[in-house]
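S.K.: Below you will find the structure I want to go over with you.
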Protein chains: 2
Amino acid sequence: MSARGSSVTIKDVARRAGVSVASVSRALNGHESVTPETRQRILGIARELRYMPHGAARSLITRRTQTIGAVLPDLYGEFFSELIRGMDLAARRGGLHLLVSSSHGSADETAHALRALQGRVDGLLVMSPHADAGLLADNLPALVPTMLMNTRVDGDYASLNVDNYAGAYAMVGHLVARGFRRIALVAGPAQNFDAEERRRGYEQALRDLLPDAVPFVVDGDFTEAAGDRAARAIRESAPDVDAIFAANDAMAVGCLFALNELGLRVPRDVALVGFDDIPMARYTTPPLTTVRVRIADLGERAMARLIARIEQPDHADAGAEVLACELVVRQSCASDGTG
Amino acid sequence: MSARGSSVTIKDVARRAGVSVASVSRALNGHESVTPETRQRILGIARELRYMPHGAARSLITRRTQTIGAVLPDLYGEFFSELIRGMDLAARRGGLHLLVSSSHGSADETAHALRALQGRVDGLLVMSPHADAGLLADNLPALVPTMLMNTRVDGDYASLNVDNYAGAYAMVGHLVARGFRRIALVAGPAQNFDAEERRRGYEQALRDLLPDAVPFVVDGDFTEAAGDRAARAIRESAPDVDAIFAANDAMAVGCLFALNELGLRVPRDVALVGFDDIPMARYTTPPLTTVRVRIADLGERAMARLIARIEQPDHADAGAEVLACELVVRQSCASDGTG
DNA sequence: GTTCATGATGAAAACGTTTACATCGCCCCC
DNA sequence: GGGGGCGATGTAAACGTTTTCATCATGAAC
């Protein structure tokens, strides 16, 4: 029928129904002050015309977008997959959409993403382990409720952090209790808040529990490839290492792969533990001892708190919350190798 | 300073700079017809005021959102993680954002998501293996460029499908060549297009290559838990099965876990193969023989085609494209068990 | 010293909604 | 029968941008 280039608007519906746009809006949004017959007629015509409200126009006037923006360092791997799942869960419960944006670990891109999200989201979930206070202060839209995750900055932002320090400390404690004495850490990327906290936990635990041991840290970047390289480097330079603590599970998986290729059996020849408890951890052979982060819960909780803040801005739950971790013992670090 | 509830707009900048909003807009968007000094003054004030353009308002007038909407059946697991990564890659290259929406496998939610995205996106990437033609016709915004993925419908939509049939056929061929004769299929969810095509490939290959064999299919739903259950069911009811073909890798991982628990060695006691080649597949023990889908490529390619359509609507690349799969042979189906 | 092009700027319309306010019947009640 | 209340509907403003068009000054060309 209409060969016009633009799509059908509320005006078209109003014209066809012989009413004003106000009535169409009211009918569509379920206001009560419109007679049942008019409403039916309008609804019928809207359906017939395949009318769909224009989101941007609606947002402009209502100041609501029904969307939460999530700015994450990356979208790659099981960790973020789980995180997004948790966010999606809570968002769906609140009837909200999820706009994900990856900063690819770059401060520039983080800034750009934050600015671009202004006016398209009702709230912001920002995980930027590499961000500093200035960046956030400069680029966070002033009036958009924001929740920071695993981020170093804690002015009076609302935030949610994982207790990386305690988790790493507990893991080292477990290894020591099992009799391991030469424990290497495969660290995460430099400048990364999570990575730094985990390393801090490792080092402090070593100081406390094995005062004579010297920390042995090899570099990594949270990827499987880095784990692979690290394991080979450790075997090369320090074959007496009896336990490898990878700062996340992805690297532990890489280590496991390399160790297998080197003909070493885990845990008989060397113990191996990780951090995060990604879904895959229980399916490796042997299943991986790790620190459970409840990644999906983290995303879900952050989203839920954010939504609460949006719905009740007065409550102003601007606190910093820390999520406890939990040691998950599987077969990859049995001291006697029998699991 | 300003204690007003609303955030700073272009008008505030204009007032402070003593110019009209038009000039501010021009300065900010890099138009040439504004003197260098005015531009500098405006830019300075904008920065000082932390002005950020309101996305919805801008979209309303420009009819561009710089955002692509992706409606996926789910956000859970490595498959979607990889898919999203590919999309993100291509989107970023085009300077676009990604708005993901999960339909949780429900037609209602798919419809709702599609409608809600009207006016917030420049293009739509829809993967709904469960959708039928009517649903899409009713709910796809008329003028929004759309790309369908792994979806049964193919009117004159632009689409991108994985060659599931050929992949499954090839896998069965490989198993037969290796000498396996009693091959069970752990199927995907009913009504799912991908699942149906893979099953069709399995059944046809069996008919062609092992005319005497009767197909043996157990139900599954693409989750690890289903794989676990299926493997136990197979061992229970048909211990003579010598190869298990899981319709996706997640279920294969579940099978592997169950088989290990049952004390069976893969591939010595029973061969196991999957489909998708998720990143994890190479890290299981033994590494998993599977059909590589190049998931990230799939997402990237779909996004790239969509962007091309948006930028050059005339070219109208509305074709149906099929992405070939590739057999990846690892150790989980060696016929002699030595890999 | 006109005329004309040019380049910088401003005024205002437009985008598609929602909603405060005005209007207009209608019915009820005195 | 008139006033008051109310329920249904319409009018128009508002949201924050971009962009067309008009305006105005400036300088060049004659």
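Chains: A, B, ... in order of the structure tokens. Residues: from 1 per chain. Ligands: from 1, in order shown.
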Given only C-alpha atoms (C1' of nucleotides), how would the per-residue table for chain D near range 11-29 of chain C read, listing every residue at most 10 Å away with its closest atom pair and distance in Å to one decimal, sorted by chain and number, as CSV?

M.R.:
residue,atom,partner,partner_atom,distance
D:DG3,C1',C:DC29,C1',9.5
D:DG4,C1',C:DC29,C1',9.2
D:DG5,C1',C:DC28,C1',8.9
D:DC6,C1',C:DC26,C1',9.0
D:DG7,C1',C:DC26,C1',8.9
D:DA8,C1',C:DG25,C1',9.0
D:DT9,C1',C:DT23,C1',8.5
D:DG10,C1',C:DT23,C1',7.7
D:DT11,C1',C:DA22,C1',7.7
D:DA12,C1',C:DC21,C1',9.1
D:DA13,C1',C:DA20,C1',8.7
D:DA14,C1',C:DT18,C1',9.0
D:DC15,C1',C:DT17,C1',9.1
D:DT17,C1',C:DC15,C1',9.1
D:DT18,C1',C:DA14,C1',8.9
D:DT19,C1',C:DA14,C1',9.0
D:DT20,C1',C:DA13,C1',8.5
D:DC21,C1',C:DA11,C1',9.1
D:DA22,C1',C:DA11,C1',8.2
D:DT23,C1',C:DA11,C1',9.5

S.K.: Emit the selected residues as a PDB file, in the first residue's frame, including C-alpha atoms (C1' of nucleotides).

M.R.:
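Below is the file that was written, part.pdb:
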ATOM      1  C1'  DG D   3     -24.930  22.958  37.902  1.00  0.00           C
ATOM      2  C1'  DG D   4     -21.388  19.815  38.791  1.00  0.00           C
ATOM      3  C1'  DG D   5     -18.740  15.959  38.088  1.00  0.00           C
ATOM      4  C1'  DC D   6     -16.764  12.719  35.238  1.00  0.00           C
ATOM      5  C1'  DG D   7     -15.241  10.096  31.423  1.00  0.00           C
ATOM      6  C1'  DA D   8     -13.576  10.215  26.703  1.00  0.00           C
ATOM      7  C1'  DT D   9     -11.066  12.570  23.542  1.00  0.00           C
ATOM      8  C1'  DG D  10      -8.247  16.175  21.282  1.00  0.00           C
ATOM      9  C1'  DT D  11      -4.495  19.876  21.272  1.00  0.00           C
ATOM     10  C1'  DA D  12      -0.133  21.033  21.879  1.00  0.00           C
ATOM     11  C1'  DA D  13       4.119  21.135  24.337  1.00  0.00           C
ATOM     12  C1'  DA D  14       8.049  18.748  25.403  1.00  0.00           C
ATOM     13  C1'  DC D  15      12.165  15.586  25.017  1.00  0.00           C
ATOM     14  C1'  DT D  17      19.273  16.529  18.670  1.00  0.00           C
ATOM     15  C1'  DT D  18      20.442  17.657  13.302  1.00  0.00           C
ATOM     16  C1'  DT D  19      19.840  20.249   9.322  1.00  0.00           C
ATOM     17  C1'  DT D  20      17.610  23.331   5.980  1.00  0.00           C
ATOM     18  C1'  DC D  21      17.029  27.775   5.143  1.00  0.00           C
ATOM     19  C1'  DA D  22      17.612  32.525   6.012  1.00  0.00           C
ATOM     20  C1'  DT D  23      20.471  36.241   7.558  1.00  0.00           C
TER      21       DT D  23
END

S.K.: Chain B residues within 7 Å of chain A, counting only C-alpha atoms: which ones, as a ChimeraX atom specification?

M.R.: /B:7,52-57,59-60,75-78,81-82,85,97-101,115-120,143,253,257,283-285

S.K.: Can I get the selection written as a compact mmCIF listing (two decimals), in the first residue's frame, with N, CA and C atoms?

M.R.:
# COMPACT_ATOMS: atom_id res chain seq x y z
N SER B 7 20.25 16.13 32.94
CA SER B 7 21.68 16.21 32.65
C SER B 7 21.94 17.34 31.67
N MET B 52 27.66 15.12 27.10
CA MET B 52 27.62 13.94 26.24
C MET B 52 26.29 13.95 25.51
N PRO B 53 26.33 13.86 24.20
CA PRO B 53 25.09 13.91 23.41
C PRO B 53 24.13 12.81 23.84
N HIS B 54 22.88 13.11 23.78
CA HIS B 54 21.86 12.13 24.15
C HIS B 54 21.57 11.22 22.97
N GLY B 55 21.92 9.96 23.15
CA GLY B 55 21.83 9.01 22.05
C GLY B 55 20.46 8.91 21.42
N ALA B 56 19.43 8.81 22.23
CA ALA B 56 18.09 8.63 21.69
C ALA B 56 17.67 9.83 20.86
N ALA B 57 17.97 11.02 21.37
CA ALA B 57 17.59 12.23 20.64
C ALA B 57 18.29 12.28 19.29
N SER B 59 19.49 9.74 17.61
CA SER B 59 18.99 8.68 16.74
C SER B 59 17.67 9.08 16.10
N LEU B 60 16.86 9.76 16.88
CA LEU B 60 15.53 10.11 16.39
C LEU B 60 15.63 10.93 15.12
N LEU B 75 22.17 -17.21 25.79
CA LEU B 75 23.49 -16.58 25.91
C LEU B 75 24.43 -17.52 26.65
N TYR B 76 23.98 -18.72 26.88
CA TYR B 76 24.70 -19.63 27.73
C TYR B 76 25.64 -20.53 26.94
N GLY B 77 26.84 -20.68 27.43
CA GLY B 77 27.74 -21.67 26.87
C GLY B 77 28.71 -21.13 25.84
N GLU B 78 29.65 -21.98 25.50
CA GLU B 78 30.74 -21.56 24.65
C GLU B 78 30.29 -21.23 23.23
N SER B 81 29.07 -17.72 23.24
CA SER B 81 30.19 -16.87 23.58
C SER B 81 31.04 -16.61 22.35
N GLU B 82 31.34 -17.67 21.62
CA GLU B 82 32.13 -17.53 20.41
C GLU B 82 31.39 -16.72 19.35
N ARG B 85 31.45 -13.17 20.17
CA ARG B 85 32.78 -12.63 19.93
C ARG B 85 32.97 -12.26 18.46
N HIS B 97 27.74 -0.74 17.89
CA HIS B 97 27.55 -1.42 19.16
C HIS B 97 26.68 -2.65 18.97
N LEU B 98 26.70 -3.46 20.00
CA LEU B 98 25.99 -4.73 19.92
C LEU B 98 24.94 -4.80 21.03
N LEU B 99 23.71 -4.99 20.64
CA LEU B 99 22.62 -5.12 21.62
C LEU B 99 22.14 -6.55 21.58
N VAL B 100 22.50 -7.33 22.58
CA VAL B 100 22.11 -8.73 22.54
C VAL B 100 20.85 -8.97 23.34
N SER B 101 20.08 -9.87 22.86
CA SER B 101 18.80 -10.16 23.48
C SER B 101 18.60 -11.66 23.40
N ARG B 115 10.20 -6.68 18.56
CA ARG B 115 9.41 -5.44 18.57
C ARG B 115 10.10 -4.37 19.40
N ALA B 116 10.67 -4.79 20.51
CA ALA B 116 11.29 -3.82 21.41
C ALA B 116 12.52 -3.18 20.78
N LEU B 117 13.08 -3.87 19.80
CA LEU B 117 14.31 -3.37 19.19
C LEU B 117 14.04 -2.32 18.11
N GLN B 118 12.80 -2.23 17.68
CA GLN B 118 12.43 -1.24 16.66
C GLN B 118 12.82 0.16 17.12
N GLY B 119 13.57 0.84 16.28
CA GLY B 119 13.95 2.20 16.61
C GLY B 119 15.17 2.31 17.50
N ARG B 120 15.74 1.18 17.88
CA ARG B 120 16.96 1.23 18.69
C ARG B 120 18.13 0.63 17.94
N LEU B 143 11.35 -2.07 7.97
CA LEU B 143 12.44 -1.42 7.24
C LEU B 143 13.81 -1.63 7.86
N VAL B 253 30.80 -33.38 25.81
CA VAL B 253 31.52 -33.20 27.07
C VAL B 253 30.76 -33.91 28.20
N PHE B 257 32.15 -37.13 30.47
CA PHE B 257 32.12 -37.13 31.93
C PHE B 257 31.44 -38.40 32.44
N TYR B 283 40.72 -29.36 24.52
CA TYR B 283 41.33 -29.48 25.85
C TYR B 283 40.77 -30.62 26.68
N THR B 284 39.78 -31.31 26.18
CA THR B 284 39.28 -32.45 26.93
C THR B 284 40.31 -33.57 26.84
N THR B 285 40.14 -34.56 27.66
CA THR B 285 41.01 -35.73 27.61
C THR B 285 40.16 -36.96 27.34

S.K.: Give the strand (DSSP E) residues of range 86-243 of chain A, as assigned by DSSP on the backbone, as a compact mmCIF listing (two decimals) with C-alpha atoms, in the first residue's frame.

M.R.:
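Okay, selection-v4.txt is ready:
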# COMPACT_ATOMS: atom_id res chain seq x y z
CA HIS A 97 17.44 -5.47 27.67
CA LEU A 98 21.16 -5.86 27.71
CA LEU A 99 23.51 -3.75 25.64
CA VAL A 100 26.98 -5.22 25.83
CA SER A 101 30.06 -3.39 24.81
CA SER A 102 33.58 -4.62 24.85
CA GLY A 123 21.95 2.07 33.95
CA LEU A 124 25.53 1.03 33.50
CA LEU A 125 27.43 -2.05 34.57
CA VAL A 126 31.12 -1.43 34.20
CA MET A 127 33.86 -3.97 34.64
CA THR A 146 26.26 2.87 37.63
CA MET A 147 27.62 -0.26 39.21
CA LEU A 148 31.31 -1.01 39.10
CA MET A 149 32.58 -4.57 39.05
CA ALA A 158 28.42 1.42 44.05
CA SER A 159 30.58 -1.59 43.43
CA LEU A 160 30.77 -5.33 43.54
CA ASN A 161 34.08 -7.08 43.86
CA VAL A 162 35.18 -10.65 44.13
CA ILE A 183 54.19 -23.59 44.55
CA ALA A 184 54.41 -21.53 41.37
CA LEU A 185 51.91 -18.85 40.42
CA VAL A 186 50.97 -18.17 36.83
CA PHE A 216 57.81 -18.04 42.12
CA VAL A 217 55.71 -16.09 39.69
CA VAL A 218 55.60 -16.44 35.92
CA ALA A 243 52.18 -27.39 42.34

S.K.: Enumerate as a ChimeraX atom specification all residues of range 137-298 of chain A assigned to helix (DSSP H, G or I) by DSSP on the backbone, naming them with the chain letters and numbers the document uses.

M.R.: /A:137-139,164-177,193-209,224-237,249-261,279-283,295-298

S.K.: What would the file look like if the residues just selected were written as a PDB file, in the first residue's frame with C-alpha atoms?

M.R.:
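Below is the file that was written, part-v4.pdb:
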ATOM      1  CA  ALA A 137      35.131  10.428  36.484  1.00  0.00           C
ATOM      2  CA  ASP A 138      35.573  11.889  33.016  1.00  0.00           C
ATOM      3  CA  ASN A 139      33.407   9.510  31.090  1.00  0.00           C
ATOM      4  CA  ASN A 164      40.234 -12.419  45.040  1.00  0.00           C
ATOM      5  CA  TYR A 165      42.714 -11.943  47.834  1.00  0.00           C
ATOM      6  CA  ALA A 166      40.993 -14.302  50.247  1.00  0.00           C
ATOM      7  CA  GLY A 167      40.367 -16.844  47.501  1.00  0.00           C
ATOM      8  CA  ALA A 168      44.004 -16.991  46.492  1.00  0.00           C
ATOM      9  CA  TYR A 169      45.095 -17.090  50.114  1.00  0.00           C
ATOM     10  CA  ALA A 170      42.775 -20.011  50.805  1.00  0.00           C
ATOM     11  CA  MET A 171      43.999 -21.895  47.791  1.00  0.00           C
ATOM     12  CA  VAL A 172      47.616 -21.615  48.835  1.00  0.00           C
ATOM     13  CA  GLY A 173      46.577 -22.721  52.306  1.00  0.00           C
ATOM     14  CA  HIS A 174      44.969 -25.788  50.825  1.00  0.00           C
ATOM     15  CA  LEU A 175      48.033 -26.648  48.771  1.00  0.00           C
ATOM     16  CA  VAL A 176      50.308 -26.268  51.774  1.00  0.00           C
ATOM     17  CA  ALA A 177      48.019 -28.448  53.874  1.00  0.00           C
ATOM     18  CA  PHE A 193      42.955  -5.463  39.497  1.00  0.00           C
ATOM     19  CA  ASP A 194      41.782  -9.069  39.799  1.00  0.00           C
ATOM     20  CA  ALA A 195      45.192 -10.344  38.846  1.00  0.00           C
ATOM     21  CA  GLU A 196      46.925  -8.119  41.356  1.00  0.00           C
ATOM     22  CA  GLU A 197      44.663  -9.149  44.203  1.00  0.00           C
ATOM     23  CA  ARG A 198      45.125 -12.825  43.481  1.00  0.00           C
ATOM     24  CA  ARG A 199      48.845 -12.396  43.387  1.00  0.00           C
ATOM     25  CA  ARG A 200      48.753 -10.490  46.639  1.00  0.00           C
ATOM     26  CA  GLY A 201      46.849 -13.357  48.256  1.00  0.00           C
ATOM     27  CA  TYR A 202      49.361 -15.874  46.958  1.00  0.00           C
ATOM     28  CA  GLU A 203      52.327 -13.914  48.211  1.00  0.00           C
ATOM     29  CA  GLN A 204      50.892 -13.180  51.611  1.00  0.00           C
ATOM     30  CA  ALA A 205      49.867 -16.793  52.150  1.00  0.00           C
ATOM     31  CA  LEU A 206      53.335 -17.938  51.220  1.00  0.00           C
ATOM     32  CA  ARG A 207      54.856 -15.494  53.677  1.00  0.00           C
ATOM     33  CA  ASP A 208      52.512 -16.653  56.410  1.00  0.00           C
ATOM     34  CA  LEU A 209      52.538 -20.381  55.798  1.00  0.00           C
ATOM     35  CA  GLU A 224      44.855 -20.541  27.535  1.00  0.00           C
ATOM     36  CA  ALA A 225      47.862 -19.894  25.338  1.00  0.00           C
ATOM     37  CA  ALA A 226      49.578 -18.084  28.189  1.00  0.00           C
ATOM     38  CA  GLY A 227      48.931 -21.054  30.471  1.00  0.00           C
ATOM     39  CA  ASP A 228      50.429 -23.381  27.945  1.00  0.00           C
ATOM     40  CA  ARG A 229      53.569 -21.257  27.656  1.00  0.00           C
ATOM     41  CA  ALA A 230      53.828 -20.799  31.410  1.00  0.00           C
ATOM     42  CA  ALA A 231      53.690 -24.513  32.161  1.00  0.00           C
ATOM     43  CA  ARG A 232      56.472 -25.223  29.712  1.00  0.00           C
ATOM     44  CA  ALA A 233      58.534 -22.381  31.126  1.00  0.00           C
ATOM     45  CA  ILE A 234      58.085 -23.689  34.644  1.00  0.00           C
ATOM     46  CA  ARG A 235      59.134 -27.213  33.749  1.00  0.00           C
ATOM     47  CA  GLU A 236      62.104 -25.838  31.940  1.00  0.00           C
ATOM     48  CA  SER A 237      63.402 -23.494  34.573  1.00  0.00           C
ATOM     49  CA  ASP A 249      40.964 -21.470  34.966  1.00  0.00           C
ATOM     50  CA  ALA A 250      41.562 -20.670  31.320  1.00  0.00           C
ATOM     51  CA  MET A 251      45.295 -20.590  32.006  1.00  0.00           C
ATOM     52  CA  ALA A 252      45.005 -23.751  34.100  1.00  0.00           C
ATOM     53  CA  VAL A 253      43.453 -25.473  31.105  1.00  0.00           C
ATOM     54  CA  GLY A 254      46.380 -24.314  29.002  1.00  0.00           C
ATOM     55  CA  CYS A 255      48.794 -25.643  31.620  1.00  0.00           C
ATOM     56  CA  LEU A 256      47.031 -28.971  31.683  1.00  0.00           C
ATOM     57  CA  PHE A 257      47.298 -29.266  27.937  1.00  0.00           C
ATOM     58  CA  ALA A 258      51.004 -28.489  27.995  1.00  0.00           C
ATOM     59  CA  LEU A 259      51.712 -30.817  30.898  1.00  0.00           C
ATOM     60  CA  ASN A 260      49.954 -33.640  29.074  1.00  0.00           C
ATOM     61  CA  GLU A 261      52.048 -32.984  26.033  1.00  0.00           C
ATOM     62  CA  PRO A 279      31.878 -24.606  33.761  1.00  0.00           C
ATOM     63  CA  MET A 280      34.646 -26.437  31.962  1.00  0.00           C
ATOM     64  CA  ALA A 281      36.681 -26.933  35.139  1.00  0.00           C
ATOM     65  CA  ARG A 282      34.696 -29.960  36.227  1.00  0.00           C
ATOM     66  CA  TYR A 283      35.044 -31.619  32.844  1.00  0.00           C
ATOM     67  CA  ILE A 295      30.471 -15.902  37.993  1.00  0.00           C
ATOM     68  CA  ALA A 296      26.864 -15.937  36.920  1.00  0.00           C
ATOM     69  CA  ASP A 297      25.847 -14.928  40.434  1.00  0.00           C
ATOM     70  CA  LEU A 298      28.253 -12.050  40.247  1.00  0.00           C
TER      71      LEU A 298
END

S.K.: As a PyMOL selection string, could you give me every residue of chain A near chain D (at most 8 Å apart, counting only C-alpha atoms (C1' of nucleotides))?

M.R.: chain A and resi 20+22-23+33-35+60-61

S.K.: Hey, can you check how far CA of Ala133 in chain A sits from CA of His315 in chain A?

M.R.: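 CA of His315 in chain A lies at a distance of 24.2 Å from CA of Ala133 in chain A.
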
S.K.: Rounded to one decimal place, report the CA of Arg292 in chain B-CA of Leu327 in chain B distance in Å.

M.R.: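 Between CA of Arg292 in chain B and CA of Leu327 in chain B the gap is 6.0 Å.
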
S.K.: Could you jot down the CA of Gly105 in chain A to CA of Leu135 in chain A separation for me, Å, one decimal place?

M.R.: 13.2 Å
